[in-house]
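S.K.: Before anything else, here's the structure in question.
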Amino acid sequence: MSGRGRGRRSALVRASGAATRWRAARLAATLLPIALLAALAACRERPPEGGGATRPPAAGEPAHLLLVTVDTLRPDALGWVGGANATPEIDRLAAEGARFPAAVAPVPLTLPSHSSLMTALVPLRHGVRDNGQVLGAAPATLAEALAAAGYATAAFVSGLPLAAGFGLDRGFAAYDDRLTAGEGAWLERPAGETTRAAAAWLAAVGAARPWALWVHYYDPHFPYEPPPELVRAGRRGAYDGEVAAVDRALGELLRAAAAAAGGRPLLTVFTADHGESLGEHGEGTHGFFVYDATVLVPLVVRFPGRVRPVEVRAPARLVDVAPTVLDLLGLPPLATAGGVDGVSLAPLLAGGGGGPPPALPPAYLETRQPWTSYGWAPLAAVRDGRFKLIAAPRPELYDLAADPGETVNLLPLSTPDGAAAGGPAAGAEAERAARRLRAALREVEARQAASAGVADDPETLARLAALGYVGAGAAPGEPPPGLPDPKDRIAMREALTAADDLLRRGRAAAALAGFERVLAGEPGNRFALVRSGIALARLGRDGEAIDRLRWAVAADPAQPENRAALADALLRTGRPAEAADEWAELVRLQPRRADAWSSLGTALGRAGRPADAVAALARAAELEPGSPDRLVRLAFAEHAAGRVADAAAHLEAAAALAPERFAHAGALGLLLADLGRGAEARPWLAASRASEPEHAAARYRLAALAAAEGNEPAARRALAEAVAADPALRPRAAADPRLAPLLR
């Protein structure tokens with residue numbers, strides 16, 4: 001297992017059916033004042049469209065599908081590719097199928113790349129350009145196609161960027177995103193645990209109909225903390241050890257899948273979302289550049305009897321995976337308006353036949369992280385079997401056959417039309433390659449762009465930001481011209497990463513110094529603005545934090561986390577009305593974000609607007625019907641607004657949802673007593689614990705009820721407990737004719 005400690009489950013686990021039924025019964029009457037605001041919430045999911053398959057499978061009964069993706073997996077970390085790291089399970093799988101040692105991912109980020117794999121669309125067309133955004137309802141997905149064809153579908157993912165709230169759960173009847181290991185933002189599920197969860201599903205699903213299972217392993221993602229016995233030698237030994245941990249877990253998964261196949265054929269597809277730079281081109285991890293270190297991935301397709309074991313050097317793309325799977329299973333292609341960007345690789349995989357294999361289209365690559373996180377120029381690229389063109393403020397062209405490390409730019413003196421000026425493929429050949437790839441890039445960029453949604457789960461977005469994805473959840477629009485080239489900012493980016501690591505480890509003063517050094521040279525740097533503001537707040541320098549965070553909001557008004565940090569600082573400094581203004585803008589940007597509605601309610605309450613506070617907190621409770629904490633906060637706001645009956649109803653509901661951790665028994669008893677429901681109030685008053693703020697008042701009320709009923713021993717005992725908890729109650733009891741005698 002990973003060395004990461006245990007953490008809380010993903011915030012995106014579904015609410016229970018019981019909570020949903022309670023919402024319908026209890027909230028219907030109390031949420032009417034907020035009904036118009038509820039219309040702001042957009043529905044993320046849509047049911048699969050269409051019916052079953054329109055033509056039979058390729059051969060015999062439908063085959064099962066096992067799709068495995070590994071996060072951050074370099075091909076050379078596998079034994080069958082690099083030869084140095086022992087990965088026997090993956091090597092055996094590769095030997096039994098068609099294997100591509102250098103497939104191409106469209107983007108070196110987890111969610112956008114997986115979105116491309118599942119939709120067969122480049123990021124421009126499915127709209128997810130960064131972690132933290134949401135796949136919209138329009139693109140058809142592989143899971144939806146399989147579900148429509150009668151497959152039992154399930155997914156087991158292991159990393160935060162693939163949590164269900166980001167939209168890839170469409171089409172999966174079961175989507176398990178429980179994250180069980182790690183601390184704070186570094187929350188994931190180790191490969192062994194993911195395999196056990198998936199194997200349990202396989203054992204239960206049965207073989208009556210075909211199943212499609214997607215399993216995602218996150219382990220090779222930074223930080224690298226493999227089991228000690230798997231750490232390899234050398235500078236990348238911890239990373240290779242994480243890959244070895246995945247290999248071990250994969251072996252268990254493959255055996256479970258074979259046992260669950262029930263005699264049906266089994267199609268197994270193994271790949272990764274992106275690679276890892278490990279210091280190449282100055283990049284420590286991934287996401288910032290589009291060099292091959294982070295965009296080349298392994299791809300294996302095993303389908304006994306239908307796919308021949310062979311190594312294929314053609315540059316397959318992740319967008320080709322879904323068309324290939326559907327083709328091999330004999331199912332219709334994805335029904336996407338305008339068609340998909342991927343093609344089926346089946347002609348390259350089938351045995352027999354004559355003639356050369358079909359040529360594959362060039363691969364489109366991009367990363368917008370330099371723009372969304374730092375305010376620098378985004379990158380796009382096109383790569384074929386030999387050349388790669390990178391569109392940057394200073395464009396780059398590489399001859400990958402002669403220069404696989406991408407060290408010699410053939411366009412050091414490039415002309416506006418892309419003419420080359422020396423290098424391994426200098427002259428006419430490089431010039432032709434540049435022109436051809438520029439035309440291919442223009443063709444992709446001319447396609448209809450899609451828009452992604454914005455994630456509205458606060459805990460998830462906060463963790464993504466803590467992981468370094470400062471642009472997570474933002475929709476910053478198109479970058480202006482004239483932005484800095486990421487090549488010229490790599491040292492600054494690594495300095496920011498180091499400072500952010502200090503902030504995560506609680507060294508706020510040292511982190512602030514690092515951010516300040518960056519801001520001295522680049523005052524508008526988004527990452528440094530936001531994270532330095534947070535560092536200032538942690539140091540208790542809220543006034544300075546507010547100034548810094550206002551600057552960040554002005555630089556990027558659509559970034560939700562900037563506003564959240566600013567609103568928190570304003571509330572801490574006793575400026576609730578200003579904080580409410582920021583939260584109100586945030587819920588306009590993210591109307592389904594329960595945390596923002598709840599914080600808005602708190603700010604409005606402190607600003608002396610109790611009715612508006614209730615409306616905002618009611619919206620938060622509606623968005624998270626299974627959350628007792630949301631109901632408790634709503635109840636206290638309703639009590640402050642004079643709505644005692646509503647407050648009691650919501651506290652009762654919170655207690656029913658989580659009786660073992662309900663910490664407001666005394667408050668509920670007091671409300672019920674105020675409503676004249678003494679018999680119902682008594683057990684709640686008696687259950688009040690000393691740790692509750694209302695404990696003394698609850699015991700005092702219990703004493704009064706017992707005295708009124710003539711139960712002097714119970715009244716005396718409760719009154720003694722009340723006075724012990726709050727001596728200020730003694731004069732009040734002394735003035736009460738029924739309680740005064742009990743003080744003696």
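Identifiers in this document derive from the order of the structure tokens: chains are assigned A, B, ..., residues are numbered from 1 separately in each chain, and ligands are numbered from 1 in order of occurrence.
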Based on the backbone DSSP call, show me all residues of stretch 292-448 of chain A assigned alpha helix (DSSP H), as a count of residues only.

M.R.: 35

S.K.: Under the rule of at most 12 Å, produce a per-residue listing of stretch 162-257 of chain A near stretch 283-298 of chain A: chain, number, name, the closest pair of atoms, and the distance in Å, as a tab-separated table, using only C-alpha atoms.

M.R.:
```
residue	atom	partner	partner_atom	distance
A:Pro220	CA	A:Thr285	CA	10.7
A:His221	CA	A:Thr285	CA	8.6
A:Phe222	CA	A:Thr285	CA	7.3
A:Pro223	CA	A:Thr285	CA	9.7
A:Tyr224	CA	A:Thr285	CA	10.9
A:Arg236	CA	A:Gly284	CA	11.4
A:Tyr239	CA	A:Thr285	CA	10.9
```

S.K.: Could you state the separation of atom CA of A:Ile546 and atom CA of A:Gly521 in Å, given to one decimal place?

M.R.: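 Pair atom CA of A:Ile546 / atom CA of A:Gly521 returns 21.1 Å.
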
S.K.: Using only C-alpha atoms, which of the listed residues (A:Pro332, A:Pro347, A:Gly676, A:Pro659) sits closest to A:Leu142?

M.R.: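 Counting only C-alpha atoms, the residue closest to A:Leu142 is A:Pro332.
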
S.K.: Compile a residue-level contact table for stretch 321-387 of chain A against stretch 392-408 of chain A at a cut-off of 6 Å, reporting for every qualifying residue the shortest atom pair and its distance in Å to one decimal, with only C-alpha atoms counted, rows ordered by chain and ascending number, as a tab-separated table.

M.R.:
```
residue	atom	partner	partner_atom	distance
A:Leu379	CA	A:Ala392	CA	5.7
A:Arg386	CA	A:Leu400	CA	5.1
A:Phe387	CA	A:Asp399	CA	4.8
```

S.K.: Do you know which residues are at most 8 Å from A:Asp501 counting only C-alpha atoms, after dropping those on the same chain fewer than 4 positions away, and could you put them as a list in words?

M.R.: Thr497, Arg505 and Ala511 of chain A

S.K.: Okay, now the selection with C-alpha atoms, as a PDB file, in the first residue's frame?

M.R.:
```pdb
ATOM      1  CA  THR A 497       6.112  25.189  -7.124  1.00  0.00           C
ATOM      2  CA  ARG A 505       3.964  22.027   4.710  1.00  0.00           C
ATOM      3  CA  ALA A 511       6.514  30.435   1.220  1.00  0.00           C
TER       4      ALA A 511
END
```

S.K.: Would you compute the distance between atom CA of A:Pro481 and atom CA of A:Gly279? Give it in Å to one decimal.

M.R.: 28.7 Å

S.K.: Excluding same-chain residues fewer than 3 positions from A:Ala569, what lies within 6 Å of it counting only C-alpha atoms, as a ChimeraX atom specification?

M.R.: /A:542,566,572

S.K.: Write a file of the just-selected residues containing N, CA and C atoms, as a PDB file, in the first residue's frame.

M.R.:
```pdb
ATOM      1  N   ASP A 542      -4.288  39.656   7.834  1.00  0.00           N
ATOM      2  CA  ASP A 542      -5.478  39.655   6.986  1.00  0.00           C
ATOM      3  C   ASP A 542      -5.628  40.915   6.165  1.00  0.00           C
ATOM      4  N   LEU A 566     -10.765  35.699  -0.745  1.00  0.00           N
ATOM      5  CA  LEU A 566     -10.995  37.096  -0.371  1.00  0.00           C
ATOM      6  C   LEU A 566     -12.172  37.208   0.592  1.00  0.00           C
ATOM      7  N   ARG A 572     -13.262  37.310   8.355  1.00  0.00           N
ATOM      8  CA  ARG A 572     -12.416  37.222   9.553  1.00  0.00           C
ATOM      9  C   ARG A 572     -12.083  38.595  10.122  1.00  0.00           C
TER      10      ARG A 572
END
```

S.K.: Show me, as a ChimeraX atom specification, the residues that have an atom within 9 Å of A:Leu349 when counting only C-alpha atoms, minus same-chain residues fewer than 6 positions from it.

M.R.: /A:97-98,301,306-310,312

S.K.: Produce a file of the selected residues containing C-alpha atoms, as a JSON list (two decimals), in the first residue's frame.

M.R.:
```
[["chain", "number", "residue", "atom", "x", "y", "z"],
["A", 97, "GLY", "CA", -1.67, -8.16, -27.51],
["A", 98, "ALA", "CA", -0.96, -5.32, -29.88],
["A", 301, "VAL", "CA", -4.92, -3.91, -26.83],
["A", 306, "ARG", "CA", -9.08, -11.12, -32.84],
["A", 307, "VAL", "CA", -6.00, -8.97, -32.23],
["A", 308, "ARG", "CA", -2.59, -10.37, -33.11],
["A", 309, "PRO", "CA", 0.33, -9.97, -30.69],
["A", 310, "VAL", "CA", 2.54, -7.37, -32.37],
["A", 312, "VAL", "CA", 3.11, -1.21, -33.58]]
```

S.K.: Check the DSSP output for the backbone and give back, as a list of chain:residue names, the residues of stretch 167-247 of chain A in strand (DSSP E).

M.R.: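 Across stretch 167-247 of chain A, those assigned strand (DSSP E) are A:Ala174, A:Tyr175, A:Asp176, A:Ala181, A:Gly182, A:Glu183, A:Trp186, A:Leu187, A:Glu188, A:Trp211, A:Ala212, A:Leu213, A:Trp214, A:Val215, A:His216, A:Tyr217.
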
S.K.: Could you turn the residues from that selection into a file that holds N, CA and C atoms, as a compact mmCIF listing (two decimals), in the first residue's frame?

M.R.:
```txt
# COMPACT_ATOMS: atom_id res chain seq x y z
N ALA A 174 -22.30 2.27 -11.98
CA ALA A 174 -21.59 2.41 -10.71
C ALA A 174 -20.32 3.22 -10.98
N TYR A 175 -20.10 4.24 -10.16
CA TYR A 175 -18.90 5.08 -10.31
C TYR A 175 -18.32 5.27 -8.92
N ASP A 176 -17.27 4.55 -8.62
CA ASP A 176 -16.68 4.52 -7.29
C ASP A 176 -15.46 5.45 -7.28
N ALA A 181 -6.66 7.27 1.06
CA ALA A 181 -5.32 7.44 1.61
C ALA A 181 -4.81 8.84 1.33
N GLY A 182 -3.97 9.33 2.22
CA GLY A 182 -3.37 10.64 2.01
C GLY A 182 -3.82 11.63 3.06
N GLU A 183 -3.29 12.81 2.98
CA GLU A 183 -3.61 13.88 3.92
C GLU A 183 -3.94 15.14 3.14
N TRP A 186 -3.56 15.88 -0.78
CA TRP A 186 -2.94 14.71 -1.40
C TRP A 186 -3.77 13.47 -1.07
N LEU A 187 -4.94 13.40 -1.65
CA LEU A 187 -5.89 12.34 -1.35
C LEU A 187 -6.07 11.47 -2.57
N GLU A 188 -5.91 10.16 -2.40
CA GLU A 188 -6.06 9.23 -3.51
C GLU A 188 -6.49 7.88 -2.95
N TRP A 211 -20.14 -7.11 -19.49
CA TRP A 211 -19.82 -5.98 -18.62
C TRP A 211 -18.67 -5.18 -19.19
N ALA A 212 -18.64 -3.91 -18.81
CA ALA A 212 -17.55 -3.00 -19.19
C ALA A 212 -17.05 -2.33 -17.93
N LEU A 213 -15.80 -2.54 -17.61
CA LEU A 213 -15.21 -2.04 -16.37
C LEU A 213 -14.03 -1.14 -16.70
N TRP A 214 -14.04 0.08 -16.14
CA TRP A 214 -12.90 0.99 -16.24
C TRP A 214 -12.26 1.09 -14.86
N VAL A 215 -10.96 0.82 -14.80
CA VAL A 215 -10.20 0.95 -13.56
C VAL A 215 -9.06 1.93 -13.80
N HIS A 216 -8.97 2.92 -12.92
CA HIS A 216 -7.95 3.96 -13.02
C HIS A 216 -7.05 3.89 -11.80
N TYR A 217 -5.73 3.84 -12.03
CA TYR A 217 -4.74 3.84 -10.95
C TYR A 217 -4.02 5.18 -10.95
```

S.K.: Which polymer residues have any atom within 6 Å of an atom of stretch 363-378 of chain A, counting only C-alpha atoms, with same-chain residues fewer than 5 positions away left out, as a list of chain:residue names?

M.R.: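 With the cut-off at 6 Å, the set is A:Pro106, A:Val107, A:Arg383, A:Val470, A:Gly471, A:Leu483, A:Pro484, A:Asp485, A:Asn525, A:Arg526, A:Phe527.
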
S.K.: Could you check the closest approach to A:Gly605 for each of A:Arg575, A:His126, A:Arg248, A:Arg732 and tell me which residue wins, using only C-alpha atoms?

M.R.: A:Arg575

S.K.: Report the distance between atom CA of A:Ala613 and atom CA of A:Val553 in Å, rounded to one decimal place.

M.R.: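 Atom CA of A:Val553 lies at a distance of 24.3 Å from atom CA of A:Ala613.
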
S.K.: Quick one: residues within 8 Å of stretch 144-147 of chain A, only C-alpha atoms, excluding same-chain residues fewer than 4 positions away - as a ChimeraX atom specification?

M.R.: /A:48-49,140,151-153,170-172,212,334
